[in-house]
$ cat structure.txt   # compact mmCIF, C-alpha atoms
# COMPACT_ATOMS: atom_id res chain seq x y z
CA MET A 1036 81.63 72.52 155.99
CA THR A 1037 78.24 74.21 155.73
CA LYS A 1038 76.83 74.75 152.26
CA SER A 1039 75.34 78.14 151.49
CA ASP A 1040 71.89 78.37 149.93
CA LEU A 1041 72.30 79.02 146.20
CA THR A 1042 68.58 78.87 145.36
CA GLU A 1043 67.11 81.50 143.06
CA LYS A 1044 63.48 82.37 143.84
CA ARG A 1045 61.08 82.96 140.92
CA LEU A 1046 59.30 86.31 141.27
CA ARG A 1047 57.58 86.55 137.86
CA SER A 1048 57.34 84.31 134.83
CA ARG A 1049 56.11 84.94 131.32
CA SER A 1050 55.93 82.75 128.26
CA VAL A 1051 57.39 84.40 125.14
CA PHE A 1052 56.97 81.46 122.74
CA ASP A 1053 54.74 78.36 122.72
CA GLY A 1054 55.59 76.00 119.87
CA LYS A 1055 54.70 72.40 119.06
CA LEU A 1056 57.91 71.15 120.70
CA LEU A 1057 59.44 73.99 122.70
CA ARG A 1058 58.33 76.79 125.00
CA VAL A 1059 60.50 79.79 125.84
CA LYS A 1060 60.09 81.53 129.20
CA VAL A 1061 61.54 84.69 130.72
CA ASP A 1062 61.56 84.80 134.51
CA GLU A 1063 62.56 87.46 136.98
CA VAL A 1064 64.32 85.86 139.95
CA GLN A 1065 65.70 86.91 143.29
CA LEU A 1066 69.31 85.82 143.78
CA PRO A 1067 70.65 84.46 147.09
CA ASP A 1068 72.06 87.91 147.95
CA GLY A 1069 68.67 89.60 147.33
CA ALA A 1070 69.54 91.11 143.94
CA LYS A 1071 67.26 90.50 140.97
CA ALA A 1072 68.14 88.91 137.63
CA THR A 1073 66.44 87.74 134.43
CA ARG A 1074 66.53 84.08 133.38
CA GLU A 1075 65.62 83.04 129.83
CA TYR A 1076 65.13 79.34 129.26
CA VAL A 1077 63.65 76.72 126.96
CA MET A 1078 61.18 74.15 128.23
CA HIS A 1079 61.50 70.79 126.46
CA PRO A 1080 59.43 67.61 127.05
CA GLY A 1081 62.54 65.43 127.29
CA ALA A 1082 63.72 62.58 125.11
CA VAL A 1083 64.96 59.02 125.25
CA VAL A 1084 68.21 57.82 123.69
CA MET A 1085 68.67 54.16 122.79
CA ILE A 1086 72.02 52.38 122.85
CA ALA A 1087 70.84 49.46 120.72
CA PHE A 1088 73.32 46.58 120.45
CA LEU A 1089 72.83 43.92 117.76
CA ASP A 1090 75.59 41.88 119.44
CA GLU A 1091 78.65 42.58 121.62
CA ARG A 1092 80.36 44.64 118.90
CA ARG A 1093 77.70 46.20 116.67
CA LEU A 1094 75.10 48.84 117.40
CA LEU A 1095 72.56 50.95 115.55
CA LEU A 1096 73.18 54.52 114.42
CA GLU A 1097 71.08 56.83 112.30
CA ARG A 1098 72.00 59.31 109.60
CA GLN A 1099 69.64 62.26 109.65
CA PHE A 1100 69.50 65.83 108.30
CA ARG A 1101 69.21 68.40 111.09
CA TYR A 1102 67.72 71.66 109.87
CA PRO A 1103 69.12 74.11 112.50
CA LEU A 1104 72.70 73.25 111.46
CA GLY A 1105 71.87 72.58 107.81
CA ARG A 1106 73.61 69.22 107.48
CA GLU A 1107 73.43 65.49 108.14
CA PHE A 1108 74.50 63.94 111.44
CA TYR A 1109 75.22 60.43 112.67
CA GLU A 1110 73.30 59.80 115.88
CA LEU A 1111 72.07 57.17 118.27
CA PRO A 1112 68.34 56.51 117.84
CA ALA A 1113 66.32 58.90 120.00
CA GLY A 1114 62.86 60.35 120.35
CA LYS A 1115 60.74 62.89 122.18
CA ILE A 1116 58.74 61.77 125.21
CA SER A 1117 55.02 62.38 124.66
CA PRO A 1118 53.09 64.01 127.53
CA GLY A 1119 52.23 61.40 130.17
CA GLU A 1120 54.14 58.62 128.38
CA ASP A 1121 56.43 56.32 130.34
CA PRO A 1122 60.00 56.90 129.04
CA LEU A 1123 60.65 53.17 128.58
CA ARG A 1124 57.51 52.92 126.42
CA THR A 1125 58.80 55.90 124.43
CA ALA A 1126 62.12 54.09 123.90
CA GLU A 1127 60.36 50.91 122.74
CA ARG A 1128 58.11 52.85 120.36
CA GLU A 1129 60.85 55.07 118.93
CA LEU A 1130 63.30 52.21 118.37
CA LYS A 1131 60.64 50.31 116.41
CA GLU A 1132 59.44 53.34 114.42
CA GLU A 1133 62.87 54.68 113.50
CA THR A 1134 64.96 51.54 113.03
CA GLY A 1135 62.45 48.73 112.58
CA TYR A 1136 63.98 46.79 115.48
CA ARG A 1137 62.27 45.53 118.61
CA ALA A 1138 64.34 44.78 121.72
CA LYS A 1139 63.58 41.92 124.12
CA SER A 1140 65.86 43.28 126.85
CA TRP A 1141 65.97 46.86 128.17
CA SER A 1142 68.15 48.42 130.88
CA TYR A 1143 68.04 51.97 132.21
CA VAL A 1144 71.47 53.59 131.80
CA SER A 1145 71.33 57.20 132.99
CA THR A 1146 69.57 60.55 132.82
CA VAL A 1147 71.56 63.48 131.45
CA HIS A 1148 70.67 67.19 131.43
CA PRO A 1149 72.45 68.49 128.30
CA CYS A 1150 71.74 72.23 128.51
CA ILE A 1151 71.48 73.18 132.21
CA GLY A 1152 72.19 76.86 131.61
CA TYR A 1153 69.19 77.47 129.36
CA SER A 1154 66.86 74.45 129.23
CA ASP A 1155 65.05 71.92 131.42
CA GLU A 1156 65.59 69.19 128.79
CA ARG A 1157 66.49 65.73 130.06
CA LEU A 1158 67.78 62.77 128.06
CA ILE A 1159 67.00 59.32 129.42
CA TYR A 1160 69.35 56.63 128.12
CA TYR A 1161 68.37 52.98 127.72
CA LEU A 1162 70.40 49.97 126.63
CA ALA A 1163 68.46 47.78 124.18
CA ARG A 1164 69.58 44.18 123.50
CA ASP A 1165 68.30 41.01 121.87
CA LEU A 1166 67.08 42.90 118.81
CA THR A 1167 64.76 41.51 116.16
CA PHE A 1168 64.11 43.34 112.89
CA GLU A 1169 60.38 43.80 112.17
CA GLY A 1170 60.37 46.74 109.72
CA GLU A 1171 60.41 50.49 110.30
CA ARG A 1172 57.43 52.86 110.36
CA LEU A 1173 58.79 56.39 110.27
CA ASP A 1174 56.54 59.25 111.37
CA ASP A 1175 55.20 61.58 108.65
CA GLY A 1176 57.90 64.08 107.76
CA GLU A 1177 60.67 61.94 109.26
CA PHE A 1178 63.52 60.89 106.97
CA LEU A 1179 66.52 58.94 108.20
CA GLU A 1180 68.75 56.01 107.41
CA THR A 1181 69.62 53.28 109.94
CA LEU A 1182 73.18 51.96 109.95
CA VAL A 1183 74.80 49.01 111.71
CA VAL A 1184 78.23 50.12 112.94
CA GLU A 1185 80.87 48.45 115.09
CA LEU A 1186 81.27 50.22 118.43
CA GLY A 1187 84.99 50.74 117.80
CA GLU A 1188 84.26 52.41 114.47
CA ALA A 1189 81.61 54.66 116.03
CA LEU A 1190 84.09 55.73 118.71
CA GLU A 1191 86.64 56.47 115.99
CA TRP A 1192 84.00 58.64 114.27
CA VAL A 1193 83.69 60.57 117.55
CA ARG A 1194 87.47 61.03 117.70
CA LEU A 1195 87.59 62.21 114.08
CA GLY A 1196 84.66 64.64 114.51
CA ARG A 1197 82.33 62.67 112.25
CA ILE A 1198 79.94 62.18 115.20
CA THR A 1199 79.49 65.50 117.01
CA ASP A 1200 75.95 65.20 118.38
CA GLY A 1201 76.30 65.54 122.16
CA LYS A 1202 73.69 62.94 123.12
CA SER A 1203 75.35 60.40 120.84
CA VAL A 1204 78.90 61.15 122.01
CA ALA A 1205 77.81 60.65 125.63
CA GLY A 1206 75.86 57.51 124.74
CA LEU A 1207 78.76 55.97 122.84
CA PHE A 1208 81.10 56.56 125.77
CA TRP A 1209 78.52 54.84 128.00
CA ALA A 1210 78.32 52.01 125.45
CA GLU A 1211 82.09 51.55 125.56
CA LYS A 1212 82.11 51.29 129.37
CA ILE A 1213 79.15 48.89 129.31
CA ALA A 1214 80.71 46.70 126.59
CA ARG A 1215 83.93 46.45 128.61
CA GLY A 1216 81.99 45.52 131.76
CA GLU A 1217 83.37 48.58 133.57
CA TRP A 1218 79.98 50.11 134.36
CA PRO A 1219 77.47 47.43 135.34
CA LEU A 1220 73.81 48.24 134.85
CA PRO A 1221 70.76 47.36 136.92
CA ASP A 1222 68.88 44.23 135.95
CA SER A 1223 67.25 44.38 132.55
CA VAL A 1224 63.53 44.34 131.87
CA SER A 1225 62.39 41.65 129.44
CA ARG A 1226 59.72 42.54 126.89
$ encode --input "structure.txt" --output "structure tokens"
Amino acid sequence: MTKSDLTEKRLRSRSVFDGKLLRVKVDEVQLPDGAKATREYVMHPGAVVMIAFLDERRLLLERQFRYPLGREFYELPAGKISPGEDPLRTAERELKEETGYRAKSWSYVSTVHPCIGYSDERLIYYLARDLTFEGERLDDGEFLETLVVELGEALEWVRLGRITDGKSVAGLFWAEKIARGEWPLPDSVSR
């Protein structure tokens, strides 16, 4: 079966917002049938998400207030990728800053695109193991609490709607498969 070309060709692009974190663009595109359409989208630098296991059963979560929704959320540790920064270095830095833990073993898990209809954001997941606590150093203006939670309890929080953050729900399902040995990962990198 031959696949048809579904590519949309950019004709014009304009930036309507340039913030510290996000940029919003409005593009005029030509559709595969020749018609024209407008595409609005958010450009995001990407982020890393850490599935940080203390042992086979326990992992790190964070409790953090999220302003857009006006409430606290339970989340996996995560952080924005700085321009030009290697994502694994971002993961190492963010885990240390936010939780105070350093991992000796890192494995790439997956890359997820959470908002494909309106953003170029990508989330790069890493598994962190062999953790040592060294003390946290939160960024200015960053307030959060680190929790140690059993994986089974975290999954129950997902089921009950206590954890609703999409990146964390996906990461916890990955963690469950990894913990059961159902989804093997590539070799880890020792640090």
$ residues_near_point --input "structure.txt" --point "(81.2, 43.3, 116.5)" --cutoff "9 Å" --atoms "only C-alpha atoms" --output "list of chain:residue names"
A:Leu1089, A:Asp1090, A:Glu1091, A:Arg1092, A:Arg1093, A:Leu1094, A:Val1184, A:Glu1185, A:Leu1186, A:Gly1187
$ residues_around --input "structure.txt" --residues "region 1043-1059 of chain A" --least-positions-apart "6" --cutoff "12 Å" --atoms "all atoms listed in the file" --output "NGL selection string"
:A and (1065-1082 or 1114-1118 or 1153-1156)
$ closest_residue --input "structure.txt" --among "A:Met1036, A:Met1085, A:Leu1179, A:Leu1207" --to "Phe1108 (chain A)" --atoms "all atoms listed in the file"
A:Leu1179
$ residues_around --input "structure.txt" --residues "Lys1202 (chain A)" --least-positions-apart "3" --cutoff "10 Å" --atoms "all atoms listed in the file" --output "mmCIF file with C-alpha atoms, keeping the file's coordinate frame"
data_model
loop_
_atom_site.group_PDB
_atom_site.id
_atom_site.type_symbol
_atom_site.label_atom_id
_atom_site.label_comp_id
_atom_site.auth_asym_id
_atom_site.auth_seq_id
_atom_site.Cartn_x
_atom_site.Cartn_y
_atom_site.Cartn_z
ATOM 1 C CA VAL A 1083 64.960 59.020 125.250
ATOM 2 C CA VAL A 1084 68.210 57.820 123.690
ATOM 3 C CA GLU A 1110 73.300 59.800 115.880
ATOM 4 C CA LEU A 1111 72.070 57.170 118.270
ATOM 5 C CA PRO A 1112 68.340 56.510 117.840
ATOM 6 C CA ALA A 1113 66.320 58.900 120.000
ATOM 7 C CA VAL A 1147 71.560 63.480 131.450
ATOM 8 C CA HIS A 1148 70.670 67.190 131.430
ATOM 9 C CA PRO A 1149 72.450 68.490 128.300
ATOM 10 C CA LEU A 1158 67.780 62.770 128.060
ATOM 11 C CA ILE A 1159 67.000 59.320 129.420
ATOM 12 C CA TYR A 1160 69.350 56.630 128.120
ATOM 13 C CA THR A 1199 79.490 65.500 117.010
ATOM 14 C CA ALA A 1205 77.810 60.650 125.630
ATOM 15 C CA GLY A 1206 75.860 57.510 124.740
ATOM 16 C CA LEU A 1207 78.760 55.970 122.840
#
$ residues_near_point --input "structure.txt" --point "(73.3, 47.9, 131.0)" --cutoff "9 Å" --atoms "all atoms listed in the file" --output "PDB file with C-alpha atoms, in the coordinates of the input"
ATOM      1  CA  TRP A1141      65.970  46.860 128.170  1.00  0.00           C
ATOM      2  CA  SER A1142      68.150  48.420 130.880  1.00  0.00           C
ATOM      3  CA  TYR A1143      68.040  51.970 132.210  1.00  0.00           C
ATOM      4  CA  VAL A1144      71.470  53.590 131.800  1.00  0.00           C
ATOM      5  CA  TYR A1161      68.370  52.980 127.720  1.00  0.00           C
ATOM      6  CA  LEU A1162      70.400  49.970 126.630  1.00  0.00           C
ATOM      7  CA  ALA A1163      68.460  47.780 124.180  1.00  0.00           C
ATOM      8  CA  ALA A1210      78.320  52.010 125.450  1.00  0.00           C
ATOM      9  CA  ILE A1213      79.150  48.890 129.310  1.00  0.00           C
ATOM     10  CA  ALA A1214      80.710  46.700 126.590  1.00  0.00           C
ATOM     11  CA  TRP A1218      79.980  50.110 134.360  1.00  0.00           C
ATOM     12  CA  PRO A1219      77.470  47.430 135.340  1.00  0.00           C
ATOM     13  CA  LEU A1220      73.810  48.240 134.850  1.00  0.00           C
ATOM     14  CA  PRO A1221      70.760  47.360 136.920  1.00  0.00           C
ATOM     15  CA  ASP A1222      68.880  44.230 135.950  1.00  0.00           C
ATOM     16  CA  SER A1223      67.250  44.380 132.550  1.00  0.00           C
TER      17      SER A1223
END
$ closest_residue --input "structure.txt" --among "A:Leu1182, A:Leu1095, A:Tyr1109, A:Pro1122" --to "Gly1196 (chain A)" --atoms "only C-alpha atoms"
A:Tyr1109
$ residues_around --input "structure.txt" --residues "Gly1170 (chain A)" --least-positions-apart "3" --cutoff "8 Å" --atoms "only C-alpha atoms" --output "ChimeraX atom specification"
/A:1131,1134-1136
$ atom_distance --input "structure.txt" --atom1 "CA of Arg1124 (chain A)" --atom2 "CA of Arg1215 (chain A)"
27.3 Å
$ closest_residue --input "structure.txt" --among "A:Leu1190, A:Thr1167, A:Lys1038, A:Glu1133" --to "Glu1211 (chain A)" --atoms "all atoms listed in the file"
A:Leu1190
$ atom_distance --input "structure.txt" --atom1 "CA of Ile1086 (chain A)" --atom2 "CA of Ala1126 (chain A)"
10.1 Å
$ atom_distance --input "structure.txt" --atom1 "CA of Phe1178 (chain A)" --atom2 "CA of Phe1100 (chain A)"
7.9 Å
$ axis_aligned_box --input "structure.txt" --around "region 1054-1068 of chain A" --padding-each-side "3 Å" --output "lines of an AutoDock Vina configuration file"
center_x = 63.4
center_y = 79.5
center_z = 133.5
size_x = 23.4
size_y = 22.8
size_z = 34.9
$ residues_around --input "structure.txt" --residues "Glu1132 (chain A)" --least-positions-apart "5" --cutoff "6 Å" --atoms "all atoms listed in the file" --output "list in words"
Glu1171, Arg1172 and Leu1173 of chain A
$ write_last_selection --input "structure.txt" --atoms "C-alpha atoms" --output "compact mmCIF listing (two decimals), in the coordinates of the input"
# COMPACT_ATOMS: atom_id res chain seq x y z
CA GLU A 1171 60.41 50.49 110.30
CA ARG A 1172 57.43 52.86 110.36
CA LEU A 1173 58.79 56.39 110.27
$ decode --input "structure.txt" --residues "region 1165-1213 of chain A" --atoms "C-alpha atoms" --output "mmCIF file, in the first residue's frame"
data_model
loop_
_atom_site.group_PDB
_atom_site.id
_atom_site.type_symbol
_atom_site.label_atom_id
_atom_site.label_comp_id
_atom_site.auth_asym_id
_atom_site.auth_seq_id
_atom_site.Cartn_x
_atom_site.Cartn_y
_atom_site.Cartn_z
ATOM 1 C CA ASP A 1165 22.147 3.909 42.770
ATOM 2 C CA LEU A 1166 21.144 7.175 44.418
ATOM 3 C CA THR A 1167 23.135 8.987 47.083
ATOM 4 C CA PHE A 1168 21.712 11.928 49.017
ATOM 5 C CA GLU A 1169 24.001 14.991 48.945
ATOM 6 C CA GLY A 1170 21.581 17.859 49.734
ATOM 7 C CA GLU A 1171 19.290 19.893 47.494
ATOM 8 C CA ARG A 1172 19.997 23.302 45.954
ATOM 9 C CA LEU A 1173 16.722 24.614 44.569
ATOM 10 C CA ASP A 1174 16.807 27.402 41.993
ATOM 11 C CA ASP A 1175 15.695 30.875 43.121
ATOM 12 C CA GLY A 1176 11.911 31.008 43.097
ATOM 13 C CA GLU A 1177 11.573 27.211 43.139
ATOM 14 C CA PHE A 1178 9.626 25.649 45.996
ATOM 15 C CA LEU A 1179 8.931 21.933 46.209
ATOM 16 C CA GLU A 1180 8.983 18.981 48.554
ATOM 17 C CA THR A 1181 10.649 15.651 47.718
ATOM 18 C CA LEU A 1182 8.873 12.466 48.782
ATOM 19 C CA VAL A 1183 9.951 8.832 48.819
ATOM 20 C CA VAL A 1184 7.000 6.717 47.669
ATOM 21 C CA GLU A 1185 6.607 3.026 46.904
ATOM 22 C CA LEU A 1186 5.940 2.432 43.207
ATOM 23 C CA GLY A 1187 2.728 0.553 44.003
ATOM 24 C CA GLU A 1188 1.448 3.475 46.057
ATOM 25 C CA ALA A 1189 2.321 5.966 43.305
ATOM 26 C CA LEU A 1190 0.422 3.834 40.778
ATOM 27 C CA GLU A 1191 -2.546 3.759 43.157
ATOM 28 C CA TRP A 1192 -2.378 7.576 43.313
ATOM 29 C CA VAL A 1193 -2.626 7.580 39.502
ATOM 30 C CA ARG A 1194 -5.673 5.287 39.652
ATOM 31 C CA LEU A 1195 -7.337 7.479 42.289
ATOM 32 C CA GLY A 1196 -6.629 10.729 40.410
ATOM 33 C CA ARG A 1197 -4.165 12.021 42.996
ATOM 34 C CA ILE A 1198 -1.428 12.058 40.329
ATOM 35 C CA THR A 1199 -2.800 13.631 37.145
ATOM 36 C CA ASP A 1200 0.309 15.217 35.620
ATOM 37 C CA GLY A 1201 0.695 13.586 32.193
ATOM 38 C CA LYS A 1202 4.489 13.308 32.216
ATOM 39 C CA SER A 1203 4.363 11.613 35.608
ATOM 40 C CA VAL A 1204 1.541 9.223 34.702
ATOM 41 C CA ALA A 1205 3.485 8.103 31.612
ATOM 42 C CA GLY A 1206 6.726 7.836 33.595
ATOM 43 C CA LEU A 1207 5.130 5.777 36.355
ATOM 44 C CA PHE A 1208 3.691 3.339 33.816
ATOM 45 C CA TRP A 1209 7.199 3.041 32.322
ATOM 46 C CA ALA A 1210 8.574 2.516 35.847
ATOM 47 C CA GLU A 1211 6.105 -0.317 36.449
ATOM 48 C CA LYS A 1212 7.130 -2.106 33.240
ATOM 49 C CA ILE A 1213 10.827 -1.595 34.018
#
